[in-house]
>>> print(open('work.cif').read())   # mmCIF, C-alpha atoms
data_run
#
loop_
_atom_site.label_atom_id
_atom_site.label_comp_id
_atom_site.auth_asym_id
_atom_site.auth_seq_id
_atom_site.Cartn_x
_atom_site.Cartn_y
_atom_site.Cartn_z
CA MET V 29 -16.43 -11.53 -44.27
CA ILE V 30 -13.92 -13.32 -46.49
CA GLU V 31 -10.54 -11.62 -46.91
CA LYS V 32 -8.13 -12.14 -49.79
CA LEU V 33 -4.62 -12.42 -48.35
CA MET V 34 -2.75 -12.80 -51.63
CA ASP V 35 -3.24 -14.42 -55.02
CA LYS V 36 -5.02 -17.77 -54.54
CA VAL V 37 -5.10 -17.52 -50.73
CA TYR V 38 -8.09 -16.41 -48.61
CA TRP V 39 -9.08 -16.04 -44.96
CA ILE V 40 -12.39 -17.86 -44.44
CA GLY V 41 -12.55 -17.83 -40.65
CA VAL V 42 -15.00 -16.24 -38.23
CA THR V 43 -14.87 -13.54 -35.58
CA ASP V 44 -16.17 -14.25 -32.09
CA TRP V 45 -16.89 -10.83 -30.59
CA GLY V 46 -18.71 -12.13 -27.53
CA ILE V 47 -16.46 -14.77 -25.98
CA ARG V 48 -15.05 -13.74 -22.60
CA HIS V 49 -13.55 -17.04 -21.39
CA PHE V 50 -11.53 -19.61 -23.29
CA HIS V 51 -10.42 -23.17 -22.47
CA GLY V 52 -13.58 -23.40 -20.40
CA HIS V 53 -13.01 -20.61 -17.87
CA GLU V 54 -9.24 -20.98 -17.78
CA TYR V 55 -8.33 -17.97 -19.98
CA SER V 56 -10.01 -14.57 -20.12
CA THR V 57 -10.71 -13.03 -23.52
CA HIS V 58 -11.70 -9.43 -22.82
CA ARG V 59 -11.41 -8.50 -26.51
CA GLY V 60 -12.99 -11.63 -28.00
CA THR V 61 -11.13 -13.78 -30.51
CA THR V 62 -11.13 -15.10 -34.04
CA TYR V 63 -10.98 -18.65 -35.38
CA ASN V 64 -8.80 -18.40 -38.45
CA SER V 65 -9.16 -20.77 -41.38
CA TYR V 66 -7.37 -20.44 -44.70
CA LEU V 67 -8.31 -21.48 -48.23
CA VAL V 68 -5.71 -22.07 -50.97
CA MET V 69 -7.33 -22.21 -54.41
CA ASP V 70 -4.83 -23.54 -56.92
CA GLU V 71 -5.00 -26.43 -59.40
CA LYS V 72 -5.74 -28.40 -56.29
CA ILE V 73 -7.65 -26.86 -53.38
CA ALA V 74 -6.76 -26.98 -49.69
CA VAL V 75 -8.34 -25.70 -46.47
CA VAL V 76 -5.95 -25.18 -43.56
CA ASP V 77 -7.68 -25.50 -40.16
CA THR V 78 -11.37 -25.00 -39.47
CA VAL V 79 -13.27 -23.15 -36.72
CA TRP V 80 -14.96 -23.94 -33.41
CA ASP V 81 -18.13 -25.91 -34.06
CA PRO V 82 -20.65 -23.33 -32.72
CA PHE V 83 -19.59 -21.27 -35.76
CA GLN V 84 -19.59 -24.06 -38.34
CA GLU V 85 -22.67 -22.80 -40.20
CA GLY V 86 -21.02 -19.44 -40.96
CA PHE V 87 -17.75 -21.18 -41.75
CA LEU V 88 -19.36 -23.56 -44.26
CA LYS V 89 -21.15 -20.60 -45.81
CA ASN V 90 -17.74 -18.95 -46.30
CA VAL V 91 -16.36 -22.13 -47.88
CA ARG V 92 -19.32 -22.55 -50.24
CA SER V 93 -19.18 -18.91 -51.32
CA MET V 94 -15.67 -19.59 -52.66
CA VAL V 95 -15.73 -23.19 -53.84
CA ASP V 96 -17.93 -26.26 -54.16
CA PRO V 97 -16.71 -28.36 -51.19
CA LYS V 98 -16.68 -31.43 -53.46
CA LYS V 99 -13.71 -29.82 -55.23
CA ILE V 100 -11.59 -29.60 -52.07
CA ASP V 101 -8.63 -31.97 -52.25
CA TYR V 102 -7.01 -31.50 -48.84
CA ILE V 103 -8.09 -30.41 -45.37
CA VAL V 104 -5.11 -29.68 -43.12
CA ALA V 105 -5.67 -30.05 -39.38
CA ASN V 106 -2.61 -28.47 -37.78
CA HIS V 107 -3.88 -29.24 -34.25
CA ALA V 108 -6.81 -31.11 -32.71
CA GLU V 109 -8.22 -28.67 -30.14
CA PRO V 110 -11.86 -27.97 -31.02
CA ASP V 111 -11.33 -24.23 -31.52
CA HIS V 112 -9.42 -25.28 -34.68
CA SER V 113 -10.94 -28.64 -35.56
CA GLY V 114 -14.52 -28.26 -34.32
CA SER V 115 -15.96 -27.90 -37.84
CA LEU V 116 -13.73 -30.59 -39.31
CA GLY V 117 -16.48 -33.22 -39.30
CA ALA V 118 -18.93 -30.93 -41.04
CA LEU V 119 -16.34 -30.01 -43.68
CA VAL V 120 -15.40 -33.66 -44.29
CA GLU V 121 -19.09 -34.48 -44.68
CA ALA V 122 -19.37 -31.73 -47.30
CA ALA V 123 -16.07 -32.75 -48.92
CA PRO V 124 -15.90 -36.56 -48.51
CA GLN V 125 -13.25 -36.89 -51.24
CA ALA V 126 -10.73 -34.71 -49.37
CA LYS V 127 -7.72 -36.18 -47.60
CA VAL V 128 -7.33 -35.00 -44.00
CA ILE V 129 -3.70 -34.02 -43.46
CA VAL V 130 -2.40 -34.33 -39.90
CA SER V 131 0.91 -34.62 -38.10
CA ARG V 132 2.04 -38.06 -37.01
CA ARG V 133 0.75 -37.35 -33.51
CA GLY V 134 -2.44 -36.03 -35.08
CA LEU V 135 -3.23 -39.60 -36.12
CA GLU V 136 -3.99 -40.13 -32.44
CA SER V 137 -5.48 -36.79 -31.36
CA ILE V 138 -7.94 -36.15 -34.22
CA PRO V 139 -9.56 -39.63 -34.07
CA GLY V 140 -9.42 -39.35 -30.28
CA HIS V 141 -11.66 -36.31 -30.49
CA TYR V 142 -14.02 -37.34 -33.28
CA HIS V 143 -13.87 -41.17 -33.44
CA GLU V 144 -14.13 -41.15 -37.22
CA ASN V 145 -12.14 -43.13 -39.77
CA TRP V 146 -11.60 -40.30 -42.24
CA ASP V 147 -9.10 -40.52 -45.11
CA PHE V 148 -6.07 -39.47 -43.07
CA GLN V 149 -2.60 -38.74 -44.39
CA ALA V 150 0.13 -38.15 -41.79
CA VAL V 151 3.01 -35.81 -42.63
CA LYS V 152 6.34 -35.02 -40.98
CA THR V 153 8.75 -32.11 -41.15
CA GLY V 154 9.91 -31.62 -44.73
CA ASP V 155 6.95 -33.37 -46.37
CA THR V 156 5.23 -31.42 -49.13
CA ILE V 157 1.97 -31.52 -51.09
CA PRO V 158 2.04 -29.72 -54.48
CA LEU V 159 -1.11 -27.81 -55.36
CA GLY V 160 0.03 -26.08 -58.59
CA GLU V 161 1.81 -22.76 -58.36
CA THR V 162 1.82 -23.30 -54.62
CA THR V 163 3.02 -26.15 -52.43
CA LEU V 164 2.12 -26.99 -48.86
CA ALA V 165 5.15 -27.82 -46.70
CA PHE V 166 4.92 -29.06 -43.13
CA VAL V 167 6.94 -28.52 -39.96
CA GLU V 168 6.09 -30.58 -36.89
CA ALA V 169 5.99 -28.43 -33.75
CA PRO V 170 5.34 -30.81 -30.85
CA MET V 171 4.40 -29.11 -27.56
CA LEU V 172 3.80 -25.74 -29.19
CA HIS V 173 1.52 -26.18 -27.52
CA TRP V 174 0.20 -29.77 -27.94
CA PRO V 175 2.05 -32.94 -29.00
CA ASP V 176 0.21 -32.94 -32.35
CA SER V 177 0.88 -29.29 -33.29
CA MET V 178 2.42 -28.47 -36.65
CA PHE V 179 2.99 -25.50 -38.96
CA THR V 180 1.91 -25.35 -42.61
CA TYR V 181 3.97 -23.26 -45.02
CA VAL V 182 2.52 -22.18 -48.37
CA SER V 183 5.51 -22.21 -50.69
CA GLY V 184 5.15 -19.92 -53.67
CA ARG V 185 3.34 -17.41 -51.44
CA SER V 186 5.84 -17.19 -48.54
CA LEU V 187 2.96 -17.66 -46.11
CA LEU V 188 3.41 -19.36 -42.74
CA LEU V 189 0.32 -20.80 -41.06
CA PRO V 190 1.62 -21.79 -37.59
CA ASN V 191 -1.67 -22.54 -35.84
CA ASP V 192 -1.42 -21.42 -32.18
CA ALA V 193 2.03 -19.85 -32.45
CA PHE V 194 2.15 -16.05 -32.88
CA GLY V 195 -1.58 -15.65 -32.19
CA GLN V 196 -3.71 -13.50 -29.92
CA HIS V 197 -7.25 -13.66 -28.60
CA TYR V 198 -8.24 -10.42 -30.28
CA ALA V 199 -11.42 -9.71 -32.26
CA THR V 200 -11.08 -6.76 -34.63
CA ALA V 201 -12.86 -5.22 -37.59
CA PHE V 202 -9.80 -5.79 -39.77
CA ARG V 203 -7.55 -8.76 -40.48
CA PHE V 204 -3.99 -7.39 -40.55
CA ASN V 205 -1.54 -6.11 -37.96
CA ASP V 206 -1.02 -2.79 -39.75
CA GLU V 207 -4.78 -2.07 -39.53
CA VAL V 208 -5.25 -2.40 -35.76
CA ASP V 209 -4.10 -0.69 -32.56
CA ARG V 210 -0.49 -1.83 -32.06
CA GLU V 211 -0.60 -1.40 -28.27
CA GLU V 212 -3.72 -3.56 -27.97
CA LEU V 213 -2.25 -6.12 -30.35
CA TYR V 214 0.92 -6.54 -28.31
CA GLU V 215 -0.99 -6.61 -25.02
CA GLU V 216 -2.93 -9.60 -26.32
CA ALA V 217 0.09 -11.25 -27.96
CA LEU V 218 2.08 -11.04 -24.71
CA LYS V 219 -0.87 -12.29 -22.64
CA TYR V 220 -1.22 -15.22 -25.04
CA TYR V 221 2.46 -16.12 -24.75
CA ALA V 222 2.64 -15.65 -20.98
CA ASN V 223 -0.43 -17.75 -20.20
CA ILE V 224 -0.10 -20.49 -22.83
CA LEU V 225 3.41 -20.85 -24.21
CA THR V 226 5.71 -19.91 -21.31
CA PRO V 227 6.19 -23.52 -20.11
CA PHE V 228 7.46 -24.42 -23.58
CA SER V 229 9.91 -21.50 -23.92
CA PRO V 230 12.97 -23.72 -24.57
CA LEU V 231 11.04 -25.48 -27.33
CA VAL V 232 9.91 -22.12 -28.76
CA THR V 233 13.52 -21.04 -29.18
CA LYS V 234 14.54 -24.38 -30.68
CA LYS V 235 11.65 -24.51 -33.15
CA ILE V 236 12.10 -20.92 -34.33
CA GLU V 237 15.81 -21.54 -34.87
CA GLU V 238 14.94 -24.69 -36.81
CA VAL V 239 12.46 -22.87 -39.06
CA LEU V 240 14.85 -19.96 -39.65
CA ALA V 241 17.59 -22.44 -40.57
CA MET V 242 15.31 -23.82 -43.29
CA GLY V 243 15.69 -20.49 -45.08
CA LEU V 244 11.98 -20.06 -45.75
CA ALA V 245 10.94 -16.66 -47.02
CA VAL V 246 8.13 -15.34 -44.82
CA ASP V 247 6.06 -12.47 -46.19
CA MET V 248 3.02 -13.13 -44.00
CA ILE V 249 2.18 -15.11 -40.86
CA GLY V 250 -1.39 -16.31 -40.38
CA PRO V 251 -1.93 -17.68 -36.84
CA SER V 252 -5.08 -19.49 -35.78
CA HIS V 253 -6.35 -16.65 -33.56
CA GLY V 254 -6.30 -12.88 -33.91
CA VAL V 255 -4.81 -10.72 -36.61
CA ILE V 256 -2.52 -11.76 -39.45
CA TRP V 257 1.04 -10.41 -39.45
CA ARG V 258 1.42 -8.68 -42.83
CA LYS V 259 3.63 -5.65 -42.14
CA ASP V 260 7.09 -6.75 -40.98
CA PRO V 261 5.74 -10.22 -40.10
CA LEU V 262 8.95 -11.38 -38.45
CA GLN V 263 8.51 -8.78 -35.69
CA ILE V 264 6.39 -11.27 -33.75
CA VAL V 265 8.97 -14.02 -34.32
CA HIS V 266 11.66 -11.78 -32.81
CA LYS V 267 9.34 -11.00 -29.89
CA TYR V 268 8.84 -14.72 -29.25
CA MET V 269 12.61 -15.20 -29.21
CA GLU V 270 12.85 -12.35 -26.69
CA TRP V 271 9.97 -13.62 -24.52
CA ALA V 272 11.33 -17.18 -24.58
CA LYS V 273 14.47 -15.96 -22.79
CA GLN V 274 12.26 -14.88 -19.86
CA VAL V 275 14.42 -11.87 -19.00
CA PRO V 276 12.13 -9.90 -16.66
CA GLU V 277 11.89 -6.18 -16.13
CA LYS V 278 13.05 -4.66 -12.85
CA ARG V 279 9.56 -4.41 -11.45
CA ALA V 280 7.47 -6.26 -8.88
CA VAL V 281 3.95 -7.58 -8.47
CA ILE V 282 2.26 -8.00 -5.10
CA LEU V 283 -0.54 -10.59 -5.09
CA ALA V 284 -2.76 -10.64 -2.03
CA ASP V 285 -6.19 -11.08 -0.57
CA THR V 286 -7.51 -9.91 2.76
CA MET V 287 -10.36 -10.45 5.21
CA TRP V 288 -10.29 -7.27 7.33
CA GLN V 289 -7.63 -5.22 5.47
CA ALA V 290 -4.66 -6.20 7.66
CA THR V 291 -2.93 -8.04 4.82
CA MET V 292 -3.67 -5.24 2.35
CA ARG V 293 -2.10 -2.72 4.71
CA MET V 294 0.98 -4.91 4.69
CA ALA V 295 0.91 -5.03 0.88
CA SER V 296 0.85 -1.23 0.70
CA ALA V 297 3.80 -0.97 3.07
CA ILE V 298 5.79 -3.47 0.99
CA GLY V 299 5.04 -1.30 -2.03
CA GLU V 300 6.42 1.72 -0.16
CA GLY V 301 9.67 -0.15 0.41
CA LEU V 302 9.92 -1.10 -3.25
CA ALA V 303 9.22 2.48 -4.33
CA GLU V 304 11.90 3.84 -2.00
CA LYS V 305 14.39 1.82 -4.02
CA GLY V 306 12.98 2.97 -7.34
CA VAL V 307 11.25 -0.30 -8.23
CA PRO V 308 7.81 0.07 -9.86
CA PHE V 309 5.14 -2.31 -8.61
CA ARG V 310 1.49 -3.22 -8.90
CA ILE V 311 -0.77 -4.62 -6.18
CA PHE V 312 -3.48 -7.08 -7.20
CA ASN V 313 -6.33 -8.10 -4.93
CA MET V 314 -6.79 -11.66 -6.13
CA ALA V 315 -10.43 -11.71 -5.08
CA LEU V 316 -11.10 -8.98 -7.66
CA SER V 317 -8.39 -9.33 -10.31
CA ASP V 318 -8.40 -11.31 -13.54
CA ARG V 319 -5.94 -14.16 -13.07
CA ASN V 320 -4.64 -14.18 -16.67
CA ASP V 321 -3.97 -10.44 -16.61
CA VAL V 322 -2.13 -10.93 -13.33
CA LEU V 323 -0.02 -13.75 -14.76
CA THR V 324 0.94 -11.52 -17.68
CA GLU V 325 2.25 -8.96 -15.17
CA VAL V 326 4.08 -11.72 -13.29
CA PHE V 327 5.71 -12.79 -16.57
CA ARG V 328 7.02 -9.25 -17.09
CA SER V 329 8.23 -8.78 -13.52
CA GLY V 330 11.38 -9.84 -11.74
CA ALA V 331 9.75 -10.20 -8.32
CA VAL V 332 6.50 -11.72 -7.11
CA VAL V 333 5.40 -11.08 -3.53
CA VAL V 334 2.41 -13.04 -2.26
CA GLY V 335 0.35 -12.36 0.86
CA SER V 336 -2.64 -13.88 2.62
CA PRO V 337 -4.20 -14.03 6.05
CA CYS V 338 -4.32 -17.46 7.63
CA LEU V 339 -7.56 -19.34 7.08
CA ASN V 340 -8.10 -22.90 8.36
CA GLY V 341 -4.36 -23.35 8.72
CA GLY V 342 -3.73 -22.24 5.14
CA LEU V 343 -4.45 -19.47 2.65
CA LEU V 344 -7.49 -17.71 1.33
CA PRO V 345 -8.66 -19.83 -1.62
CA THR V 346 -8.37 -16.91 -4.07
CA LEU V 347 -4.56 -17.27 -3.85
CA THR V 348 -4.27 -20.99 -4.54
CA PRO V 349 -5.13 -20.91 -8.29
CA VAL V 350 -2.43 -18.36 -9.11
CA LEU V 351 0.12 -20.24 -7.01
CA GLU V 352 -0.74 -23.39 -8.96
CA ASP V 353 -0.32 -21.44 -12.20
CA LEU V 354 3.14 -20.28 -11.13
CA LYS V 355 4.18 -23.93 -10.93
CA GLY V 356 2.53 -24.97 -14.18
CA LEU V 357 3.79 -22.04 -16.24
CA LYS V 358 7.39 -22.54 -15.08
CA PHE V 359 8.26 -18.86 -14.85
CA ARG V 360 12.01 -18.31 -14.56
CA ASN V 361 14.47 -15.62 -13.48
CA LYS V 362 12.32 -14.28 -10.66
CA VAL V 363 12.62 -13.83 -6.92
CA GLY V 364 9.79 -14.16 -4.44
CA ALA V 365 8.68 -13.30 -0.93
CA ALA V 366 5.69 -13.95 1.32
CA PHE V 367 3.74 -12.05 3.94
CA GLY V 368 0.51 -12.25 5.88
CA SER V 369 -1.40 -11.78 9.08
CA TYR V 370 -2.89 -14.35 11.45
CA GLY V 371 -4.91 -14.70 14.60
CA TRP V 372 -4.01 -17.99 16.27
CA SER V 373 -2.11 -20.50 14.09
CA GLY V 374 -0.01 -18.68 11.47
CA GLU V 375 0.96 -21.33 8.89
CA ASN V 376 0.14 -19.06 5.93
CA VAL V 377 3.49 -17.41 5.22
CA ARG V 378 5.45 -20.64 5.31
CA ARG V 379 2.84 -22.24 3.05
CA ILE V 380 3.28 -19.44 0.49
CA GLU V 381 7.06 -19.79 0.68
CA ARG V 382 6.83 -23.50 -0.03
CA GLU V 383 4.59 -22.82 -3.00
CA LEU V 384 6.99 -20.24 -4.42
CA GLU V 385 9.96 -22.52 -3.99
CA GLY V 386 7.99 -25.36 -5.56
CA ALA V 387 7.40 -23.11 -8.55
CA GLY V 388 11.14 -22.56 -8.96
CA ILE V 389 11.00 -19.00 -7.57
CA PRO V 390 13.73 -18.57 -4.92
CA LEU V 391 13.00 -16.48 -1.86
CA ALA V 392 14.69 -13.08 -1.79
CA VAL V 393 14.08 -12.62 1.94
CA PRO V 394 12.29 -14.44 4.78
CA GLY V 395 8.60 -13.61 4.93
CA VAL V 396 6.86 -11.25 7.32
CA LEU V 397 4.14 -12.70 9.56
CA VAL V 398 2.13 -10.32 11.76
CA LYS V 399 -0.32 -11.32 14.48
CA TRP V 400 -3.66 -9.50 14.37
CA ARG V 401 -3.41 -6.14 12.63
CA PRO V 402 0.05 -4.73 11.87
CA ASP V 403 1.23 -1.90 14.12
CA GLU V 404 3.89 0.54 12.99
CA LYS V 405 6.63 -1.94 13.83
CA GLY V 406 4.92 -4.58 11.66
CA LEU V 407 4.50 -2.10 8.80
CA ASP V 408 8.18 -1.15 9.08
CA ALA V 409 9.04 -4.84 8.71
CA CYS V 410 6.95 -4.90 5.54
CA ARG V 411 8.68 -1.79 4.18
CA ASP V 412 12.01 -3.46 4.87
CA LEU V 413 10.84 -6.57 3.03
CA GLY V 414 10.04 -4.36 0.03
CA ARG V 415 13.49 -2.77 0.17
CA LYS V 416 15.20 -6.16 0.33
CA VAL V 417 13.19 -7.51 -2.58
CA ALA V 418 14.19 -4.41 -4.54
CA GLU V 419 17.85 -5.02 -3.70
CA ALA V 420 17.54 -8.64 -4.85
CA LEU V 421 16.26 -7.38 -8.22
CA ARG V 422 19.46 -5.44 -8.75
#
>>> encode(input="work.cif", output="structure tokens")
Amino acid sequence: MIEKLMDKVYWIGVTDWGIRHFHGHEYSTHRGTTYNSYLVMDEKIAVVDTVWDPFQEGFLKNVRSMVDPKKIDYIVANHAEPDHSGSLGALVEAAPQAKVIVSRRGLESIPGHYHENWDFQAVKTGDTIPLGETTLAFVEAPMLHWPDSMFTYVSGRSLLLPNDAFGQHYATAFRFNDEVDREELYEEALKYYANILTPFSPLVTKKIEEVLAMGLAVDMIGPSHGVIWRKDPLQIVHKYMEWAKQVPEKRAVILADTMWQATMRMASAIGEGLAEKGVPFRIFNMALSDRNDVLTEVFRSGAVVVGSPCLNGGLLPTLTPVLEDLKGLKFRNKVGAAFGSYGWSGENVRRIERELEGAGIPLAVPGVLVKWRPDEKGLDACRDLGRKVAEALR
């Protein structure tokens, strides 16, 4: 369903209710997503971003219901990932006269995906394209979250179209933030930031400050996924500034897996020690938990405690993906600790500690390693570990 955002500007995207994994299987999308595309119909006509190619038929139907594609003058590709550019080829075929507007880095990424010699025009920050009453202005945003990323601003409508920034994987019946459940919206917005944009937090702060310094009026923000920020649109900008500082809450997450419950008993005892000191915590069994939801909790928390039994001189393989994510996402301002049980070799705790340190998470306390199942003395050591982690949070 097409949605009019304001005079001369329309949402012509599609809603994907069924998707449950994104970026292959790298990101979970429990609430689906949308692929947002925008149409500006002025004296000249522009489409900003397209949709993932499995949805191109519905997308082209939306376009044709509003305008003959042969009248489109510009197609803006803010970013090359196929969830935004997948229908670009089909739209160019329907609108062969249109110039394809890309960032300077987009001159590499778009042809690298589609191997076509379309009529490209590269733009840089400050460049503009007049359409009539409205003007498209461009702001390069490298590494938010690809080198080719850019924002498009619709001057005359105070509309910011920032592609992946300020988005959420969130399928809804309605288009605007004031029409949906605010708690759900912010759950998905935080998950999106924590799992995708955290490594680029210093660049997030710098780019937002740069855009604010340009003095652009912003009455609406239309990201490439999820709902459009219409009511108090700058609220999500302020949240990004807050999240980019990575100031965690005084809470802890315990990530573990177990073979015969010994390690999970240790996890529970660590939780008791944290609770004694008034620190809230959550325990995640990584064999059963969604990794992206877990990483969102890690982002919020000041302490991450990781436990595994020893298997083949290492860890249970359910722990290794999240440890790799901790390094890649570059979480900051956290403390860590390790624990685990073993039968005959016992390298697991030191391995976890190395992984935490390699992720830039300093150890709050030496880890606890218990042979066989923990007795009361071993559980007391785990409780003490929880207390010491709690003290480190203070």
>>> closest_residue(input="work.cif", among="V:Ser329, V:Asp96, V:Thr61, V:Asp285", to="V:Phe309", atoms="all atoms listed in the file")
V:Ser329
>>> resolve_selection(input="work.cif", expression="the PyMOL selection byres ((chain V and resi 158) around 10)", output="PyMOL selection string")
chain V and resi 70-72+156-157+159-165+182-183
>>> resolve_selection(input="work.cif", expression="the PyMOL selection byres ((chain V and resi 79-83) around 6)", output="list of chain:residue names")
V:Tyr63, V:Thr78, V:Gln84, V:Glu85, V:Gly86, V:Pro110, V:Asp111, V:His112, V:Gly114, V:Ser115
>>> resolve_selection(input="work.cif", expression="the PyMOL selection byres ((chain V and resi 117) around 10)", output="PyMOL selection string")
chain V and resi 78+81+84+113-116+118-124+142+144+146
>>> closest_residue(input="work.cif", among="V:Met314, V:Ala303, V:Ile47, V:Leu344", to="V:Arg59", atoms="only C-alpha atoms")
V:Ile47
